[in-house]
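Step one of this worksheet: look at the structure below.
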Amino acid sequence: MTALLEARDLCAFYGDTQVLFGLELAVEEGSITTLLGANGAGKTTTLRSLSGMVRTRGDIRFDGRSLAGQATESIVRRGIAHVPQGRGTFSRQTVEENLKIGAMARRDRAGIAGDIERVYGYFPRLKTRRRQQAGTLSGGEQQMLAVGRALMLRPRLMLLDEPSFGLAPIIVAELLDILGALNRSDRVSMLLVEQNAAIALELAHHAYLIETGRLVMAGSAAELRANENIRKSYLGY
Amino acid sequence: MELFLHQILAGLATGGIYACMALAVVMIYQAIDHLNFAQGEMAMFSTFVAWQLMQWGAPFWVAFVVTIVLSFGAGVVIERVVFKPIREAPVLSHVVVFIALLAILNSAAGFIWDYQIKSFPSPFGSGPLFGQNLISPHDAGMIAVTLVLLVLLYLFFLHTRVGLAMRAAAANPESARLAGIRVGWMIALGWGMAAAIGAVAGMMIAPVVFLEPQMMLSILLYGFAAAVVGGLTSPGGAVLGGFAVGIIENLAGTYIPVVGRELKLSIALSIIVVVLLVKPNGLFGRRVVTRV
């Protein structure tokens, strides 16, 4: 097994308060891994730790090299695209400018132009709104824009923070279909944080469950889906 | 009528300078959310540098360009050395450092070049321009230089990659970092550009107000007024505000008998107060709404 991303004994702190306690997790190359947990379990913090946005202790390795102490910008430039909670839209910039911002770490003009068209191919609605201020988009469109912006990096790994949040079920299904397709066609690895465990386990190959900053379960998505506790607490049947 | 037109044109000329100062203030405000009180002294210091270069024999436009480049570099250095370390510090720390910078630049200029008022040459000559008396050659030149500068800035911000990166970094720093933008360097770049714009304003206004360490004090106040009128979040608004303040100042000084020369400066302050009372976000500013 080759882990693209590996965290060992990962602890995270907000000020003096410790919020993650020795997490061990890995994302295999080409796989979709999901991180489940209740509100406040530390899912978002885990992603922010991986992107160097909170103070951490422990070892994080990406493609065999340590990310410890790296600035967020540098981590991103290694090929880790983080789609943050709240979507991080540049609301006063146009849709197309948002996509160009996503490609700031790249230099290949022609490739960037091609990738913008490719994102429009995945999300045709963004194309019709390309000259519109991104702040005027609906929630679903902004989420698509956030995924599109992340794709503009040509990432090896995407960190997705609750992409389903606040979206209508039909939009969620559409979005997850595209994520699955991207994973198969481009072998983009993904670490997906979701409150909606049912859809996450359907899409993912591997899963972790955390509670109050601690890892409580790890395994294949099928194993977690079959687990009685998970079924009762997180899937609700 | 001719007096009126003359005052409008003269107002546009000084208004262009206020617009530049306002733009410099807005650029730094957008990047770090603080008002740079030292913007005027930075511009003054740059103008002295230009004067010194000309004393050493450089022609005006050579000194002009060299000064812009040096000011840009100095702006970047000031950000890296002084403001980067206090990025997360509270407002008061910033205020104190701005005031310190203001005092240091002011006394350094006084120490190096003394407080004697010096004349600063205009590159646009004197005498009537094209045989008319409506606008002096220097006023016309000021308007031209400001307009060129504004167009260049517009093109830079709207049509270049770095311009877009700077806008992204100012609009949403966290999200910009997640796009791999080196936000810290974008802020430094903003400082460098603000310093360079201030230098242009200083060199253009110096033939009018003469060169001395206090020369930019009132200019910066007008610049602040312009920035407030336009809304501190809107570069375009700041520019319009600059021209508006320049014209208002001139017309009020001419037509309201009480105002005259002595009270002109208080107009800038009145404008600031009135705008803040009536429309706190300026005419073109965006209301900042914080979601709880």
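Chain labels follow the order of the structure tokens: the first chain is A, the next B, and so on; residue numbering restarts at 1 in every chain, and ligands are counted from 1 in their shown order.
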Proximity of chain A to chain B: per-residue shortest pair, 6 Å limit, only C-alpha atoms, as a Markdown table:
```
| residue | atom | partner | partner_atom | distance |
| --- | --- | --- | --- | --- |
| A:Glu73 | CA | B:Gly180 | CA | 4.2 |
| A:Val76 | CA | B:Gly180 | CA | 5.3 |
| A:Arg77 | CA | B:Gly180 | CA | 5.6 |
| A:Gly88 | CA | B:Ser175 | CA | 5.2 |
| A:Gly102 | CA | B:Ala179 | CA | 5.0 |
| A:Ala105 | CA | B:Gly180 | CA | 5.4 |
```
**Request:** Mind checking which residues fall within 9 Å of stretch 152-162 of chain A, counting only C-alpha atoms, ignoring those fewer than 4 positions away in the same chain, and posting them as a PyMOL selection string?
**Result:** (chain A and resi 4-5+27+29-30+43-44+47+50-51+76-87+99-106+112+115-116+119+147-148+186-196) or (chain B and resi 179-180)
**Request:** Show which residues sit within 9 Å of stretch 38-40 of chain A, as a PyMOL selection string. Count only C-alpha atoms, and ignore same-chain residues fewer than 4 positions away.
**Result:** chain A and resi 44+195+210-213+234
Neighbours of stretch 18-25 of chain B within 6 Å (only C-alpha atoms; same-chain residues fewer than 2 positions away dropped), as a tab-separated table (two decimals) with N, CA and C atoms, in the first residue's frame?
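The file below, selection.tsv, is the result:
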```tsv
chain	number	residue	atom	x	y	z
B	15	GLY	N	-6.77	67.73	-7.24
B	15	GLY	CA	-7.59	66.57	-6.93
B	15	GLY	C	-6.92	65.27	-7.39
B	16	GLY	N	-6.21	65.33	-8.51
B	16	GLY	CA	-5.49	64.15	-8.99
B	16	GLY	C	-4.45	63.69	-7.97
B	27	MET	N	-4.93	51.24	-0.89
B	27	MET	CA	-4.20	50.00	-1.21
B	27	MET	C	-3.68	49.33	0.04
B	28	ILE	N	-3.11	50.13	0.94
B	28	ILE	CA	-2.58	49.54	2.17
B	28	ILE	C	-3.73	49.13	3.08
B	194	ALA	N	2.06	51.42	-3.14
B	194	ALA	CA	1.54	52.60	-2.46
B	194	ALA	C	2.65	53.64	-2.30
B	198	GLY	N	2.65	57.32	-3.97
B	198	GLY	CA	2.85	58.50	-3.12
B	198	GLY	C	4.01	59.34	-3.64
B	222	TYR	N	-6.22	65.67	2.85
B	222	TYR	CA	-7.14	65.66	1.72
B	222	TYR	C	-7.26	64.25	1.14
B	223	GLY	N	-6.16	63.56	1.11
B	223	GLY	CA	-6.17	62.18	0.62
B	223	GLY	C	-7.07	61.30	1.47
B	224	PHE	N	-6.95	61.46	2.80
B	224	PHE	CA	-7.82	60.72	3.72
B	224	PHE	C	-9.28	61.07	3.43
B	226	ALA	N	-10.57	62.15	0.71
B	226	ALA	CA	-10.97	61.53	-0.55
B	226	ALA	C	-11.26	60.05	-0.36
B	227	ALA	N	-10.40	59.37	0.39
B	227	ALA	CA	-10.57	57.94	0.61
B	227	ALA	C	-11.86	57.67	1.37
B	235	PRO	N	-11.15	51.40	-4.59
B	235	PRO	CA	-10.10	52.20	-5.24
B	235	PRO	C	-10.69	53.23	-6.21
B	238	ALA	N	-12.11	56.04	-4.29
B	238	ALA	CA	-11.08	56.90	-3.74
B	238	ALA	C	-10.60	57.90	-4.79
B	239	VAL	N	-10.46	57.44	-6.02
B	239	VAL	CA	-10.01	58.31	-7.10
B	239	VAL	C	-11.05	59.40	-7.36
B	242	GLY	N	-11.01	61.83	-4.64
B	242	GLY	CA	-9.88	62.76	-4.74
B	242	GLY	C	-10.20	63.94	-5.64
```
Could you pull the residues within 10 Å of A:Glu6, counting only C-alpha atoms, minus those fewer than 4 positions along the same chain, as a PDB file with N, CA and C atoms, in the first residue's frame?
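Dumped to out_34.pdb:
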```
ATOM      1  N   THR A   2       0.523   2.194  -0.868  1.00  0.00           N
ATOM      2  CA  THR A   2       1.273   3.440  -0.900  1.00  0.00           C
ATOM      3  C   THR A   2       0.387   4.572  -0.405  1.00  0.00           C
ATOM      4  N   LEU A  10      -0.943  13.016  15.172  1.00  0.00           N
ATOM      5  CA  LEU A  10      -1.265  14.411  14.862  1.00  0.00           C
ATOM      6  C   LEU A  10      -2.070  15.047  15.999  1.00  0.00           C
ATOM      7  N   GLU A  24      -4.041   9.167  13.740  1.00  0.00           N
ATOM      8  CA  GLU A  24      -3.242   8.419  12.777  1.00  0.00           C
ATOM      9  C   GLU A  24      -4.110   8.231  11.559  1.00  0.00           C
ATOM     10  N   LEU A  25      -3.740   8.820  10.446  1.00  0.00           N
ATOM     11  CA  LEU A  25      -4.553   8.540   9.276  1.00  0.00           C
ATOM     12  C   LEU A  25      -3.742   8.613   7.995  1.00  0.00           C
ATOM     13  N   ALA A  26      -4.265   7.935   6.992  1.00  0.00           N
ATOM     14  CA  ALA A  26      -3.556   7.870   5.723  1.00  0.00           C
ATOM     15  C   ALA A  26      -4.553   7.962   4.578  1.00  0.00           C
ATOM     16  N   VAL A  27      -4.123   8.579   3.492  1.00  0.00           N
ATOM     17  CA  VAL A  27      -4.929   8.573   2.270  1.00  0.00           C
ATOM     18  C   VAL A  27      -4.096   7.890   1.201  1.00  0.00           C
ATOM     19  N   GLU A  28      -4.616   6.802   0.671  1.00  0.00           N
ATOM     20  CA  GLU A  28      -3.861   6.082  -0.347  1.00  0.00           C
ATOM     21  C   GLU A  28      -3.950   6.785  -1.677  1.00  0.00           C
ATOM     22  N   LEU A  50      -3.803  19.661   8.186  1.00  0.00           N
ATOM     23  CA  LEU A  50      -3.066  19.138   7.033  1.00  0.00           C
ATOM     24  C   LEU A  50      -2.619  20.290   6.115  1.00  0.00           C
ATOM     25  N   ASP A  59       3.608  14.239  12.948  1.00  0.00           N
ATOM     26  CA  ASP A  59       4.250  14.166  11.641  1.00  0.00           C
ATOM     27  C   ASP A  59       3.203  14.077  10.534  1.00  0.00           C
ATOM     28  N   ILE A  60       3.343  14.925   9.529  1.00  0.00           N
ATOM     29  CA  ILE A  60       2.478  14.822   8.353  1.00  0.00           C
ATOM     30  C   ILE A  60       3.381  14.645   7.143  1.00  0.00           C
ATOM     31  N   ARG A  61       3.142  13.583   6.394  1.00  0.00           N
ATOM     32  CA  ARG A  61       3.957  13.357   5.203  1.00  0.00           C
ATOM     33  C   ARG A  61       3.088  13.319   3.970  1.00  0.00           C
ATOM     34  N   PHE A  62       3.536  14.025   2.946  1.00  0.00           N
ATOM     35  CA  PHE A  62       2.834  14.003   1.670  1.00  0.00           C
ATOM     36  C   PHE A  62       3.817  13.519   0.634  1.00  0.00           C
ATOM     37  N   ASP A  63       3.486  12.413  -0.014  1.00  0.00           N
ATOM     38  CA  ASP A  63       4.377  11.853  -1.017  1.00  0.00           C
ATOM     39  C   ASP A  63       5.770  11.606  -0.419  1.00  0.00           C
ATOM     40  N   GLY A  64       5.776  11.173   0.848  1.00  0.00           N
ATOM     41  CA  GLY A  64       7.024  10.833   1.503  1.00  0.00           C
ATOM     42  C   GLY A  64       7.779  11.986   2.123  1.00  0.00           C
ATOM     43  N   ARG A  65       7.344  13.222   1.818  1.00  0.00           N
ATOM     44  CA  ARG A  65       8.077  14.367   2.380  1.00  0.00           C
ATOM     45  C   ARG A  65       7.253  15.061   3.458  1.00  0.00           C
ATOM     46  N   SER A  66       7.942  15.539   4.473  1.00  0.00           N
ATOM     47  CA  SER A  66       7.255  16.128   5.616  1.00  0.00           C
ATOM     48  C   SER A  66       6.658  17.487   5.266  1.00  0.00           C
TER      49      SER A  66
END
```
**Request:** Skip stretch 214-231 of chain A itself and residues of its chain fewer than 4 positions away, then list as a PyMOL selection string all residues within 9 Å of it, counting only C-alpha atoms.
**Result:** chain A and resi 19-25+33-34+41-42+197-198+200-210+235-237
Just the selected residues (N, CA and C atoms), exported as a short mmCIF file (atom, residue, chain, number, x, y, z; two decimals), in the first residue's frame, please.
```cif
data_model
loop_
_atom_site.label_atom_id
_atom_site.label_comp_id
_atom_site.auth_asym_id
_atom_site.auth_seq_id
_atom_site.Cartn_x
_atom_site.Cartn_y
_atom_site.Cartn_z
N VAL A 19 -7.17 20.26 20.50
CA VAL A 19 -8.42 19.79 19.90
C VAL A 19 -8.27 18.46 19.16
N LEU A 20 -7.05 18.11 18.76
CA LEU A 20 -6.83 16.79 18.17
C LEU A 20 -5.81 16.05 19.03
N PHE A 21 -6.09 14.76 19.23
CA PHE A 21 -5.25 14.00 20.14
C PHE A 21 -4.67 12.78 19.43
N GLY A 22 -3.52 12.94 18.84
CA GLY A 22 -2.79 11.80 18.29
C GLY A 22 -3.50 11.05 17.19
N LEU A 23 -4.01 11.76 16.21
CA LEU A 23 -4.66 11.08 15.08
C LEU A 23 -3.64 10.34 14.22
N GLU A 24 -4.04 9.17 13.74
CA GLU A 24 -3.24 8.42 12.78
C GLU A 24 -4.11 8.23 11.56
N LEU A 25 -3.74 8.82 10.45
CA LEU A 25 -4.55 8.54 9.28
C LEU A 25 -3.74 8.61 7.99
N THR A 33 -10.94 8.84 0.68
CA THR A 33 -11.03 8.49 2.08
C THR A 33 -11.96 9.48 2.73
N THR A 34 -12.82 9.01 3.61
CA THR A 34 -13.71 9.95 4.27
C THR A 34 -13.45 9.98 5.76
N ALA A 41 -16.34 17.28 16.32
CA ALA A 41 -15.45 16.15 16.57
C ALA A 41 -14.01 16.48 16.18
N GLY A 42 -13.82 17.48 15.32
CA GLY A 42 -12.47 17.86 14.90
C GLY A 42 -12.20 17.56 13.44
N ALA A 197 -22.98 10.93 6.64
CA ALA A 197 -22.17 9.72 6.56
C ALA A 197 -22.64 8.79 5.44
N ALA A 198 -23.94 8.77 5.18
CA ALA A 198 -24.47 7.83 4.19
C ALA A 198 -23.86 8.09 2.81
N ALA A 200 -21.21 9.84 2.12
CA ALA A 200 -19.75 9.77 2.16
C ALA A 200 -19.28 8.33 2.04
N LEU A 201 -19.95 7.44 2.77
CA LEU A 201 -19.53 6.04 2.76
C LEU A 201 -19.82 5.38 1.41
N GLU A 202 -20.79 5.92 0.72
CA GLU A 202 -21.11 5.38 -0.60
C GLU A 202 -20.00 5.71 -1.60
N LEU A 203 -19.46 6.92 -1.47
CA LEU A 203 -18.46 7.39 -2.42
C LEU A 203 -17.05 6.87 -2.07
N ALA A 204 -16.78 6.76 -0.77
CA ALA A 204 -15.39 6.55 -0.33
C ALA A 204 -14.97 5.08 -0.38
N HIS A 205 -13.66 4.90 -0.45
CA HIS A 205 -13.10 3.54 -0.32
C HIS A 205 -12.74 3.23 1.13
N HIS A 206 -12.20 4.24 1.80
CA HIS A 206 -11.77 4.04 3.19
C HIS A 206 -12.44 5.08 4.07
N ALA A 207 -12.52 4.77 5.34
CA ALA A 207 -13.19 5.71 6.24
C ALA A 207 -12.54 5.72 7.61
N TYR A 208 -12.59 6.88 8.23
CA TYR A 208 -12.16 7.04 9.62
C TYR A 208 -13.30 7.67 10.38
N LEU A 209 -13.43 7.32 11.63
CA LEU A 209 -14.42 7.96 12.48
C LEU A 209 -13.68 8.62 13.64
N ILE A 210 -13.94 9.90 13.84
CA ILE A 210 -13.34 10.54 15.01
C ILE A 210 -14.41 11.07 15.94
N LEU A 235 -25.75 6.65 10.55
CA LEU A 235 -26.56 6.43 9.35
C LEU A 235 -28.04 6.48 9.67
N GLY A 236 -28.37 6.25 10.92
CA GLY A 236 -29.74 6.45 11.37
C GLY A 236 -30.76 5.42 10.88
N TYR A 237 -30.36 4.15 10.83
CA TYR A 237 -31.37 3.12 10.59
C TYR A 237 -31.03 1.83 11.33
#
```
**Item:** DSSP strand (DSSP E or B) residues within stretch 19-134 of chain A, listed as a PyMOL selection string
**Value:** chain A and resi 19-28+32-36+55-62+65-66+80-83+94+133
**Request:** Could you give me, as a PyMOL selection string, the residues within 8 Å of B:Gln214, counting only C-alpha atoms and dropping anything in the same chain fewer than 5 positions from it?
**Result:** chain B and resi 41+44+106
Output N, CA and C atoms for every residue in that selection, as a PDB file, in the first residue's frame.
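Result went into out_10.pdb, see below:
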```pdb
ATOM      1  N   GLU B  41       4.362  61.226   4.840  1.00  0.00           N
ATOM      2  CA  GLU B  41       5.798  61.424   5.108  1.00  0.00           C
ATOM      3  C   GLU B  41       6.640  60.546   4.177  1.00  0.00           C
ATOM      4  N   MET B  44       6.762  62.491   1.073  1.00  0.00           N
ATOM      5  CA  MET B  44       7.646  63.645   1.261  1.00  0.00           C
ATOM      6  C   MET B  44       9.107  63.199   1.145  1.00  0.00           C
ATOM      7  N   ASN B 106       9.938  62.190   9.153  1.00  0.00           N
ATOM      8  CA  ASN B 106       9.888  63.640   9.202  1.00  0.00           C
ATOM      9  C   ASN B 106      11.197  64.217   9.736  1.00  0.00           C
TER      10      ASN B 106
END
```
